[in-house]
Structures are given as C-alpha cells and as structure tokens.
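Shown next, in structure tokens, is the structure this report addresses.
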Amino acid sequence: MLGVKSLAAIAIAMLLAGIAAWRGVLSPAHLESLSGTACFITGLVGALATGLVSAGWRPGVRSRDGVTIRGDRTASSASARRVRPQLVPGTPREIPPIVQRVLLLIGFTSIALVALGNHAAARIVQLPEQLSAPSPSTYCMPEAPVEEAAKPEAPPPPPVDQAGCALVKRAFELGYTKSLGTCAPKQAATAVAAKPVETKHEACTRRQLDEPMLHYGFRRVAGALGTATSVNPIDSFGHRVDDVRAHIDYLDGLLADIRHAITGSPHAAHHLWVNLPDPHPGSFADYFVGAPRCSTRVANLPLWPRWNVGDDSLVVEHVVGQLLFATRFGTTASCNDYVIHWNAPADACERLAKAPIDFLSDTGGLASIRAVLDRRHRQLQLGELAKALGRPEPPPPPPVSAVVSMQCLIIGSAVAAHGTTVRIDGDDVAVREVRVAAIKPTGDGPIDVYLALAALLGGADGRPRADAPPLDGPDFQLARLEPLIDADPFAGVRWPLTKPDLVEVFPFEPHLHAFIEPFRRRYLAQRGRL
C-alpha cells in the first residue's frame with residue numbers, strides 16, 4: 001500500500017515532464033541553446049514553486065490513506081482476474097521526503113522550461129531598467145539631434161539641343177554661317193533648392209531629467225499661484241456661480257441625456273402596420289436563443305425569389321428589405337429603427353388618427369416613439385445650455401418627421417397613398433396610409449407591392465410610364481431577348497413577367513437598381529437619426 005502523497009508526486013512529475021517533452025524543451029539541442037540567465041531564472045522558478053507547494057504538502061508527514069491494487073475473480077471466468085486500485089485507510093508506505101521534493105522540482109522545472117526561454121529571460125532582466133526609466137509623460141525628454149549631411153553641389157546640366165536645328169548646326173560647323181542664331185543650345189534651368197521648414201517647438205513645462213523633486217514642486221506651486229493672481233477672483237467666482245446655476249437649471253436634460261446613452265434608447269422610430277399574418281410567428285426555441293436579427297434576415301436577399309400562392313406576408317417583408325436594407329443597392333437605412341406590426345386591423349390608421357396614444361399603447365409602439373421624442377428634446381436643451389454658457393452650440397437635431405414616422409399598408413381595397421398628422425407629447429408626427437386591392441405573389445404581382453410601398457414611404461417617383469411591344473414571332477423567342485433590357489416593369493412593361501419562360505431569364509438586376517437607388521436618394525434625404 002503506497003501513500004496518496006507519493007502517488008501524487010509521481011503523477012505530477014510525470015505529467016509536467018511529459019508536457020515539456022511534448023513541447024520539445026527537454027531535448028539536448030534546446031537545453032544547450034539556453035543562456036545562463038534563462039537557466040538561472042528557470043531553476044529559481046522551479047525552486048520557489050517547489051518550496052511553496054512543499055509548505056502545504058508536508059512530505060515528512062505520512063498520508064492518512066493509501067492506494068493498493070487488488071484482484072478478484074469474476075463470476076464468468078475462474079481464471080480471469082480484474083485488477084483495480086482501491087483506497088484503503090491505514091498507515092501506508094511513503095517514498096522518502098527528499099525524493100518527493102525532487103519529483104516536484106522536476107515537474108515544476110519542466111513546466112518552467114515551457115514558459116521561459118532566452119527571450120523571456122532577457123525581458124525579465126530588462127524589466128527593472130524599463131520601470132525605472134523616465135516616462136515622456138512625466139519628464140521633458142531631449143530631442144534627438146538632426147544631422148544633415150553636407151550635400152555636394154550638383155554640376156550644371158549640359159546644354160539642351162533644340163529640335164529641328166540639325167542642318168543649321170552642320171552649316172555652322174562647315175563655316176557657311178557665323179552663328180547658330182536661335183538654334184544655339186540653351187542652358188537647362190537648375191532646380192531651386194527648397195528652404196528647410198523651420199519647426200517651432202513649444203516650451204516643455206514637465207520635470208527635467210536633472211531637476212530635483214523639490215525644485216520641480218516649487219515651480220509647479222509658483223506657476224499655479226501666478227495663474228491664480230492673474231485672474232480677478234471676484235469675476236472668476238461669479239463666472240463659476242453662473243456656470244453651476246446654468247447646469248442646475250438644465251439638470252433634468254443632462255441626466256436624461258446620460259440615461260439615454262446608458263440604456264441605449266432608439267435613435268429613430270419608424271413603424272409600419274400591415275393587416276397580414278406574421279411570416280415569422282416565432283417558435284419555442286426563440287425563447288432560449290432569440291429570434292433572428294432583422295439585419296441577418298435581410299443581409300443576402302435574392303433579387304427575385306420564386307413565390308408561391310399564399311406568400312403575401314413574405315412578399316411584403318422581402319420588398320421592405322429590398323427598398324430599405326439590402327446592401328447591393330447602396331446606402332441603407334438602419335434596420336433597428338424600423339418595426340413591422342403584423343396582424344394589424346384594417347382600420348389601423350383611422351384608429352391611430354383618432355386616439356394615437358391608446359392605439360400605440362395597445363400595439364406596442366408608444367415606448368420607442370416617446371423615447372425618440374424625449375431624446376430629441378434633451379438634445380435641444382443641451383443646445384440651449386451651451387448657448388447659455390457661451391460655448392459653441394452643437395448642430396441641431398433632425399426634425400420630428402425625420403426620426404419618427406408611422407405608416408399603414410392595408411390589403412383589401414385600392415386607395416392611393418395619403419396622410420395626416422397626429423400630436424404625441426406636443427410634437428406633430430406624420431401618419432401615411434396606402435391600400436392595395438390584393439397581393440399576387442406570382443407573375444408581376446410583386447411590382448404592385450414595390451410601387452405601393454415606395455409611394456407610401458418616399459412619395460411618388462414621377463417617372464413616365466412606358467410600354468414595349470411583345471417579342472415578334474411564336475418561335476425562338478429566347479433568341480430575341482435584347483429588348484428586355486429596356487423593358488422596365490416598374491415603368492409599366494409588365495407582360496414579360498407573366499410568361500414563366502421569360503421570368504427565368506429576365507434581367508431583374510438593372511431594373512431593380514434603376515428603381516431602388518432613386519427611391520433611396522429620395523427617401524433617405526427625408527430621414528435621419530439622433
């Protein structure tokens with residue numbers, strides 16, 4: 001029976017030495033490459049760790065329990081024996097205390113070799129010098145001298161021969177003319193050396209490297225007293241009182257602005273009510289892992305999905321994502337500022353116009369709208385505070401119409417986009433509504449949704465409507481697809497989308513870009529964030 005301490009010492013030594021051998025630090029080549037400093041620090045770390053562990057280990061005291069290995073015959077075979085260790089109380093045998101300490105030293109030294117090397121040892125040796133070195137934030141460090149080498153003067157450039165004067169030059173060499181006249185070689189202009197820029201150095205008021213601490217402290221106190229005596233104390237005290245009084249007057253705005261920053265209240269609130277069922281009603285797993293983020297769902301929207309009958313809600317969600325959040329069409333709106341309220345009543349906007357507070361409280365949009373309006377009011381108060389203190393005023397926040405809006409998309413009867421305003425907490429908020437007779441997911445039906453939502457959110461685009469003649473001939477229509485590049489379905493050319501064979505090859509991307517990019521330029525110019 002062997003004591004638990006002895007077995008633990010053997011296990012620790014074998015485990016740590018095995019790790020060191022696996023990392024290759026026990027190889028003769030690695031040990032030979034270690035410097036004397038690295039060997040000394042490694043041994044010191046191993047000895048300190050062994051001493052600290054031995055203080056609580058107490059190798060000289062026997063373990064209270066020991067481990068023995070026993071075998072017993074199984075019921076299925078008389079010759080087979082099952083060997084297993086057992087913890088048996090009693091007085092076990094222990095290996096000598098010095099051997100236990102040596103085993104611990106071997107283990108801790110091995111693991112120290114893994115962590116320490118020549119580079120680490122050099123950094124440890126340099127640490128006291130680095131800590132005691134003067135800091136540039138505390139001392140005035142001397143500037144490194146800039147030595148400019150004497151530049152030899154460049155020889156003058158050779159004369160430049162002019163083009164077209166070869167015959168005149170030849171005649172001059174043969175003696176037929178006495179001068180070259182205008183064909184004489186001209187001296188090239190020499191480059192003028194730029195004057196070195198003189199840099200102005202500010203006087204350093206920090207402590208000098210050879211300055212005693214007492215002198216530095218006296219200099220700082222004298223400078224503070226000199227500054228204090230250069231200002232009229234009565235005027236300074238009066239200015240401080242006015243400053244504190246102004247902050248107290250706007251204390252509510254300051255605390256509210258801090259609360260908005262800490263709680264992360266929304267920077268804009270745009271709500272859309274749709275009387276269609278939610279395309280993502282949620283599942284039991286959403287209570288644990290959360291619903292997918294809006295930005296995740298709209299990150300990679302397909303250009304023109306293949307819809308089925310009954311996908312009305314998916315079509316509306318897809319069109320909203322394409323108009324506002326798809327990255328392929330340039331600058332996007334912030335997905336966190338928009339909320340779609342599904343399963344809305346057909347008279348949502350009428351109820352919103354009659355009792356906005358009650359309707360928003362029932363549908364869950366009141367909290368975000370009030371948070372945005374309050375954040376905007378606080379920013380206006382901070383601007384007034386800066387004006388009262390004589391400081392530069394911050395830029396004014398966007399208008400209410402840019403940060404808060406409410407829209408309704410109602411399916412049932414076709415009515416053009418129209419709007420009104422409601423008053424919420426003293427601010428006028430716009431409410432717009434558009435009604436669509438029905439949503440047809442197949443064919444050219446999604447075009448109606450694009451046009452309706454674009455008119456609802458950003459107003460009519462005012463583009464002229466056009467049409468294109470159908471492809472001539474009953475056969476080989478795929479060989480005459482070039483006119484489809486100009487067949488804009490958003491401008492009225494809808495017949496190609498009613499043919500399944502043409503939908504497969506229809507160039508949707510240029511037409512979507514031509515429709516969504518102008519819409520975003522028109523829409524984002526009306527919106528903003530606090």
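Numbering starts fresh at 1 for the residues of each chain in the structure tokens, the chains themselves are lettered A, B, ... in the order given, and ligands are numbered from 1 as they appear.
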*Mind checking which residues fall within 12 Å of Ile98 of chain A, counting only C-alpha atoms, ignoring those fewer than 3 positions away in the same chain, and posting them as a ChimeraX atom specification?*
/A:6,9,50,54,58-60,94-95,101-105
*Please report, as an MDAnalysis selection string, each residue of segment 319-519 of chain A to which DSSP assigns strand (DSSP E) when run on this structure's backbone.*
chainID A and resid 338:341 404:411 415:424 427:436
Could the residues in this selection be written to a file with N, CA, C and O atoms, as a tab-separated table (two decimals), in the first residue's frame?
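Output below, filename result22.tsv:
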chain	number	residue	atom	x	y	z
A	338	TYR	N	-36.71	50.30	-37.47
A	338	TYR	CA	-37.97	50.00	-38.15
A	338	TYR	C	-38.63	48.81	-37.48
A	338	TYR	O	-37.97	47.83	-37.12
A	339	VAL	N	-39.95	48.90	-37.33
A	339	VAL	CA	-40.75	47.83	-36.75
A	339	VAL	C	-41.97	47.62	-37.64
A	339	VAL	O	-42.66	48.58	-38.00
A	340	ILE	N	-42.22	46.37	-38.02
A	340	ILE	CA	-43.40	46.00	-38.78
A	340	ILE	C	-44.38	45.32	-37.83
A	340	ILE	O	-44.03	44.31	-37.21
A	341	HIS	N	-45.58	45.87	-37.73
A	341	HIS	CA	-46.62	45.31	-36.87
A	341	HIS	C	-47.55	44.49	-37.75
A	341	HIS	O	-48.37	45.04	-38.52
A	404	VAL	N	-39.25	60.12	-36.59
A	404	VAL	CA	-40.45	59.39	-36.19
A	404	VAL	C	-41.44	59.41	-37.35
A	404	VAL	O	-41.70	60.48	-37.92
A	405	SER	N	-41.97	58.26	-37.71
A	405	SER	CA	-42.97	58.17	-38.76
A	405	SER	C	-43.82	56.93	-38.52
A	405	SER	O	-43.37	55.97	-37.89
A	406	MET	N	-45.06	56.97	-39.02
A	406	MET	CA	-45.99	55.86	-38.88
A	406	MET	C	-46.70	55.66	-40.21
A	406	MET	O	-47.19	56.64	-40.81
A	407	GLN	N	-46.71	54.42	-40.69
A	407	GLN	CA	-47.31	54.08	-41.98
A	407	GLN	C	-48.22	52.87	-41.83
A	407	GLN	O	-48.00	52.04	-40.93
A	408	CYS	N	-49.18	52.75	-42.74
A	408	CYS	CA	-50.11	51.62	-42.75
A	408	CYS	C	-50.19	51.10	-44.18
A	408	CYS	O	-50.39	51.88	-45.12
A	409	LEU	N	-50.04	49.79	-44.33
A	409	LEU	CA	-50.26	49.10	-45.61
A	409	LEU	C	-51.44	48.16	-45.40
A	409	LEU	O	-51.32	47.15	-44.70
A	410	ILE	N	-52.56	48.48	-46.00
A	410	ILE	CA	-53.80	47.74	-45.79
A	410	ILE	C	-54.16	47.03	-47.09
A	410	ILE	O	-54.18	47.66	-48.17
A	411	ILE	N	-54.44	45.75	-47.00
A	411	ILE	CA	-54.83	44.93	-48.14
A	411	ILE	C	-56.35	44.77	-48.11
A	411	ILE	O	-56.92	44.37	-47.09
A	415	VAL	N	-56.47	52.21	-52.64
A	415	VAL	CA	-56.56	53.63	-52.36
A	415	VAL	C	-55.15	54.19	-52.43
A	415	VAL	O	-54.21	53.61	-51.87
A	416	ALA	N	-54.98	55.32	-53.13
A	416	ALA	CA	-53.65	55.92	-53.27
A	416	ALA	C	-53.12	56.37	-51.92
A	416	ALA	O	-53.87	56.55	-50.95
A	417	ALA	N	-51.82	56.57	-51.85
A	417	ALA	CA	-51.19	56.98	-50.61
A	417	ALA	C	-51.67	58.36	-50.20
A	417	ALA	O	-51.72	59.29	-51.01
A	418	HIS	N	-52.03	58.50	-48.95
A	418	HIS	CA	-52.46	59.77	-48.38
A	418	HIS	C	-52.01	59.81	-46.93
A	418	HIS	O	-51.63	58.78	-46.36
A	419	GLY	N	-52.05	60.99	-46.33
A	419	GLY	CA	-51.53	61.11	-44.99
A	419	GLY	C	-52.20	62.17	-44.17
A	419	GLY	O	-52.99	62.99	-44.68
A	420	THR	N	-51.88	62.17	-42.88
A	420	THR	CA	-52.35	63.16	-41.93
A	420	THR	C	-51.29	63.29	-40.85
A	420	THR	O	-50.21	62.66	-40.93
A	421	THR	N	-51.56	64.08	-39.83
A	421	THR	CA	-50.63	64.26	-38.72
A	421	THR	C	-51.38	64.06	-37.41
A	421	THR	O	-52.58	64.37	-37.29
A	422	VAL	N	-50.68	63.51	-36.44
A	422	VAL	CA	-51.22	63.35	-35.09
A	422	VAL	C	-50.24	64.01	-34.12
A	422	VAL	O	-49.06	64.21	-34.43
A	423	ARG	N	-50.75	64.33	-32.94
A	423	ARG	CA	-49.92	65.01	-31.95
A	423	ARG	C	-49.62	64.06	-30.80
A	423	ARG	O	-50.52	63.50	-30.18
A	424	ILE	N	-48.30	63.88	-30.56
A	424	ILE	CA	-47.84	62.99	-29.50
A	424	ILE	C	-46.86	63.77	-28.63
A	424	ILE	O	-45.79	64.20	-29.11
A	427	ASP	N	-45.60	67.05	-30.10
A	427	ASP	CA	-44.95	67.05	-31.40
A	427	ASP	C	-45.91	66.47	-32.43
A	427	ASP	O	-46.64	65.51	-32.16
A	428	ASP	N	-45.87	67.05	-33.63
A	428	ASP	CA	-46.68	66.56	-34.74
A	428	ASP	C	-45.93	65.45	-35.47
A	428	ASP	O	-44.79	65.65	-35.93
A	429	VAL	N	-46.57	64.30	-35.57
A	429	VAL	CA	-45.98	63.13	-36.22
A	429	VAL	C	-46.84	62.77	-37.43
A	429	VAL	O	-48.08	62.74	-37.33
A	430	ALA	N	-46.18	62.49	-38.55
A	430	ALA	CA	-46.89	62.19	-39.79
A	430	ALA	C	-47.39	60.74	-39.78
A	430	ALA	O	-46.71	59.83	-39.29
A	431	VAL	N	-48.59	60.55	-40.32
A	431	VAL	CA	-49.18	59.24	-40.49
A	431	VAL	C	-49.61	59.11	-41.95
A	431	VAL	O	-50.37	59.93	-42.45
A	432	ARG	N	-49.09	58.07	-42.64
A	432	ARG	CA	-49.42	57.85	-44.05
A	432	ARG	C	-50.01	56.46	-44.22
A	432	ARG	O	-49.67	55.53	-43.49
A	433	GLU	N	-50.89	56.34	-45.22
A	433	GLU	CA	-51.58	55.08	-45.46
A	433	GLU	C	-51.71	54.86	-46.95
A	433	GLU	O	-51.89	55.80	-47.74
A	434	VAL	N	-51.57	53.60	-47.36
A	434	VAL	CA	-51.83	53.19	-48.73
A	434	VAL	C	-52.58	51.86	-48.67
A	434	VAL	O	-52.33	51.02	-47.81
A	435	ARG	N	-53.54	51.71	-49.58
A	435	ARG	CA	-54.35	50.49	-49.63
A	435	ARG	C	-54.15	49.82	-50.99
A	435	ARG	O	-54.12	50.49	-52.02
A	436	VAL	N	-54.00	48.51	-50.94
A	436	VAL	CA	-53.80	47.69	-52.13
A	436	VAL	C	-54.95	46.71	-52.21
A	436	VAL	O	-55.37	46.14	-51.18
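Note that the spacing between atom CA of Cys294 of chain A and atom CA of Cys335 of chain A amounts to 6.2 Å.
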*Between A:Leu314, A:Leu382, A:Leu366, A:Ile111, single out the one closest to Ala256 of chain A, counting only C-alpha atoms.*
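So, comparing all the options, the nearest one is A:Leu382.
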*From the list A:Thr91, A:Gly46, A:Tyr450, A:Ser27, which residue is nearest Leu323 of chain A when using only C-alpha atoms?*
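When distances to Leu323 of chain A are compared using only C-alpha atoms, the smallest one comes from A:Tyr450.
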_So that I can check the surroundings of Gly253 of chain A, please list as a list in words every protein, DNA and RNA residue that reaches within 12 Å of it, counting only C-alpha atoms and ignoring chain neighbours fewer than 5 positions away._
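Here the qualifying residues turn out to be Ala246, His247, Ile248, Ile258, Arg259, His260, Asp374, Arg375, Arg376, His377, Arg378, Gln379, Leu380, Gln381, Leu382, Gly383, Glu384 and Leu385 of chain A.
In terms of minimum interatomic distance to Pro92 of chain A, A:Leu2 ranks closest within A:Val244, A:Leu2, A:Ala115, A:Ala454, counting only C-alpha atoms.
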*Go ahead and compute the interatomic distance for atom CA of Cys204 of chain A and atom CA of Leu131 of chain A, in Å to one decimal.*
22.6 Å
*Would you kindly return, as a PyMOL selection string, each protein, DNA or RNA residue with an atom no farther than 12 Å from any atom of Gln322 of chain A, considering only C-alpha atoms and excluding same-chain residues fewer than 5 positions away?*
chain A and resi 295+297-305+315-317+327-333+335+446+449-450+453-454+509+512-513+515-517+519-520
Got time to write the residues from that selection, N, CA and C atoms, as a CSV table (one decimal), in the first residue's frame?
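Now in again-v9.csv:
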chain,number,residue,atom,x,y,z
A,295,SER,N,-31.2,42.5,-39.4
A,295,SER,CA,-30.1,42.6,-40.3
A,295,SER,C,-29.6,41.3,-40.8
A,297,ARG,N,-31.6,38.6,-41.5
A,297,ARG,CA,-32.6,38.2,-42.5
A,297,ARG,C,-32.5,38.9,-43.8
A,298,VAL,N,-32.1,40.2,-43.8
A,298,VAL,CA,-32.1,41.0,-45.0
A,298,VAL,C,-30.7,41.1,-45.5
A,299,ALA,N,-29.7,40.4,-45.0
A,299,ALA,CA,-28.3,40.6,-45.4
A,299,ALA,C,-28.1,40.2,-46.9
A,300,ASN,N,-28.7,39.0,-47.3
A,300,ASN,CA,-28.4,38.5,-48.6
A,300,ASN,C,-29.8,38.1,-49.2
A,301,LEU,N,-30.6,39.1,-49.5
A,301,LEU,CA,-31.9,38.9,-50.1
A,301,LEU,C,-31.7,38.5,-51.6
A,302,PRO,N,-32.4,37.5,-52.1
A,302,PRO,CA,-32.4,37.3,-53.6
A,302,PRO,C,-33.1,38.4,-54.3
A,303,LEU,N,-32.7,38.6,-55.6
A,303,LEU,CA,-33.2,39.6,-56.4
A,303,LEU,C,-34.7,39.4,-56.6
A,304,TRP,N,-35.1,38.3,-57.1
A,304,TRP,CA,-36.5,38.0,-57.5
A,304,TRP,C,-36.8,36.5,-57.1
A,305,PRO,N,-37.2,36.3,-55.9
A,305,PRO,CA,-37.5,34.9,-55.5
A,305,PRO,C,-38.7,34.3,-56.2
A,315,VAL,N,-43.8,38.3,-49.3
A,315,VAL,CA,-43.6,39.3,-50.4
A,315,VAL,C,-43.4,40.7,-49.8
A,316,VAL,N,-44.3,41.1,-48.8
A,316,VAL,CA,-44.2,42.4,-48.2
A,316,VAL,C,-42.9,42.6,-47.5
A,317,GLU,N,-42.5,41.5,-46.7
A,317,GLU,CA,-41.2,41.6,-46.0
A,317,GLU,C,-40.0,41.7,-46.9
A,327,THR,N,-28.0,45.6,-49.1
A,327,THR,CA,-26.7,46.4,-49.3
A,327,THR,C,-26.3,46.5,-50.7
A,328,ARG,N,-26.9,45.7,-51.6
A,328,ARG,CA,-26.4,45.8,-53.0
A,328,ARG,C,-26.9,47.1,-53.7
A,329,PHE,N,-27.8,47.8,-53.1
A,329,PHE,CA,-28.3,49.0,-53.7
A,329,PHE,C,-27.8,50.3,-53.1
A,330,GLY,N,-26.7,50.2,-52.4
A,330,GLY,CA,-26.0,51.4,-51.9
A,330,GLY,C,-26.3,51.6,-50.4
A,331,THR,N,-26.4,52.9,-50.1
A,331,THR,CA,-26.6,53.3,-48.7
A,331,THR,C,-27.9,52.7,-48.1
A,332,THR,N,-27.9,52.1,-47.0
A,332,THR,CA,-29.1,51.5,-46.4
A,332,THR,C,-29.6,52.3,-45.2
A,333,ALA,N,-30.8,52.1,-44.8
A,333,ALA,CA,-31.4,52.6,-43.5
A,333,ALA,C,-31.0,51.6,-42.4
A,335,CYS,N,-31.6,49.0,-39.7
A,335,CYS,CA,-32.7,48.0,-39.5
A,335,CYS,C,-33.3,48.1,-38.1
A,446,PRO,N,-45.6,41.2,-57.5
A,446,PRO,CA,-44.7,41.9,-56.5
A,446,PRO,C,-44.4,43.4,-57.0
A,449,VAL,N,-46.6,45.7,-55.2
A,449,VAL,CA,-46.1,45.9,-53.8
A,449,VAL,C,-44.9,46.9,-53.8
A,450,TYR,N,-44.0,46.8,-54.7
A,450,TYR,CA,-42.9,47.7,-54.8
A,450,TYR,C,-43.4,49.2,-55.0
A,453,LEU,N,-45.4,50.4,-51.7
A,453,LEU,CA,-44.5,50.8,-50.6
A,453,LEU,C,-43.6,51.9,-50.9
A,454,ALA,N,-43.1,52.0,-52.1
A,454,ALA,CA,-42.3,53.2,-52.4
A,454,ALA,C,-43.0,54.5,-52.3
A,509,GLU,N,-31.9,42.6,-62.3
A,509,GLU,CA,-30.9,43.5,-61.5
A,509,GLU,C,-30.9,44.9,-62.1
A,512,LEU,N,-34.1,46.7,-61.0
A,512,LEU,CA,-34.2,46.9,-59.6
A,512,LEU,C,-33.3,48.1,-59.2
A,513,HIS,N,-32.1,48.1,-59.7
A,513,HIS,CA,-31.2,49.2,-59.4
A,513,HIS,C,-31.8,50.5,-59.9
A,515,PHE,N,-34.8,51.4,-60.1
A,515,PHE,CA,-35.9,51.8,-59.3
A,515,PHE,C,-35.6,52.1,-57.8
A,516,ILE,N,-34.8,51.2,-57.2
A,516,ILE,CA,-34.5,51.3,-55.7
A,516,ILE,C,-33.5,52.4,-55.5
A,517,GLU,N,-32.5,52.6,-56.3
A,517,GLU,CA,-31.5,53.6,-56.0
A,517,GLU,C,-32.0,55.0,-56.0
A,519,PHE,N,-35.2,55.7,-55.4
A,519,PHE,CA,-36.0,55.8,-54.2
A,519,PHE,C,-35.2,56.0,-53.0
A,520,ARG,N,-34.1,55.4,-52.8
A,520,ARG,CA,-33.3,55.7,-51.6
A,520,ARG,C,-32.8,57.1,-51.5
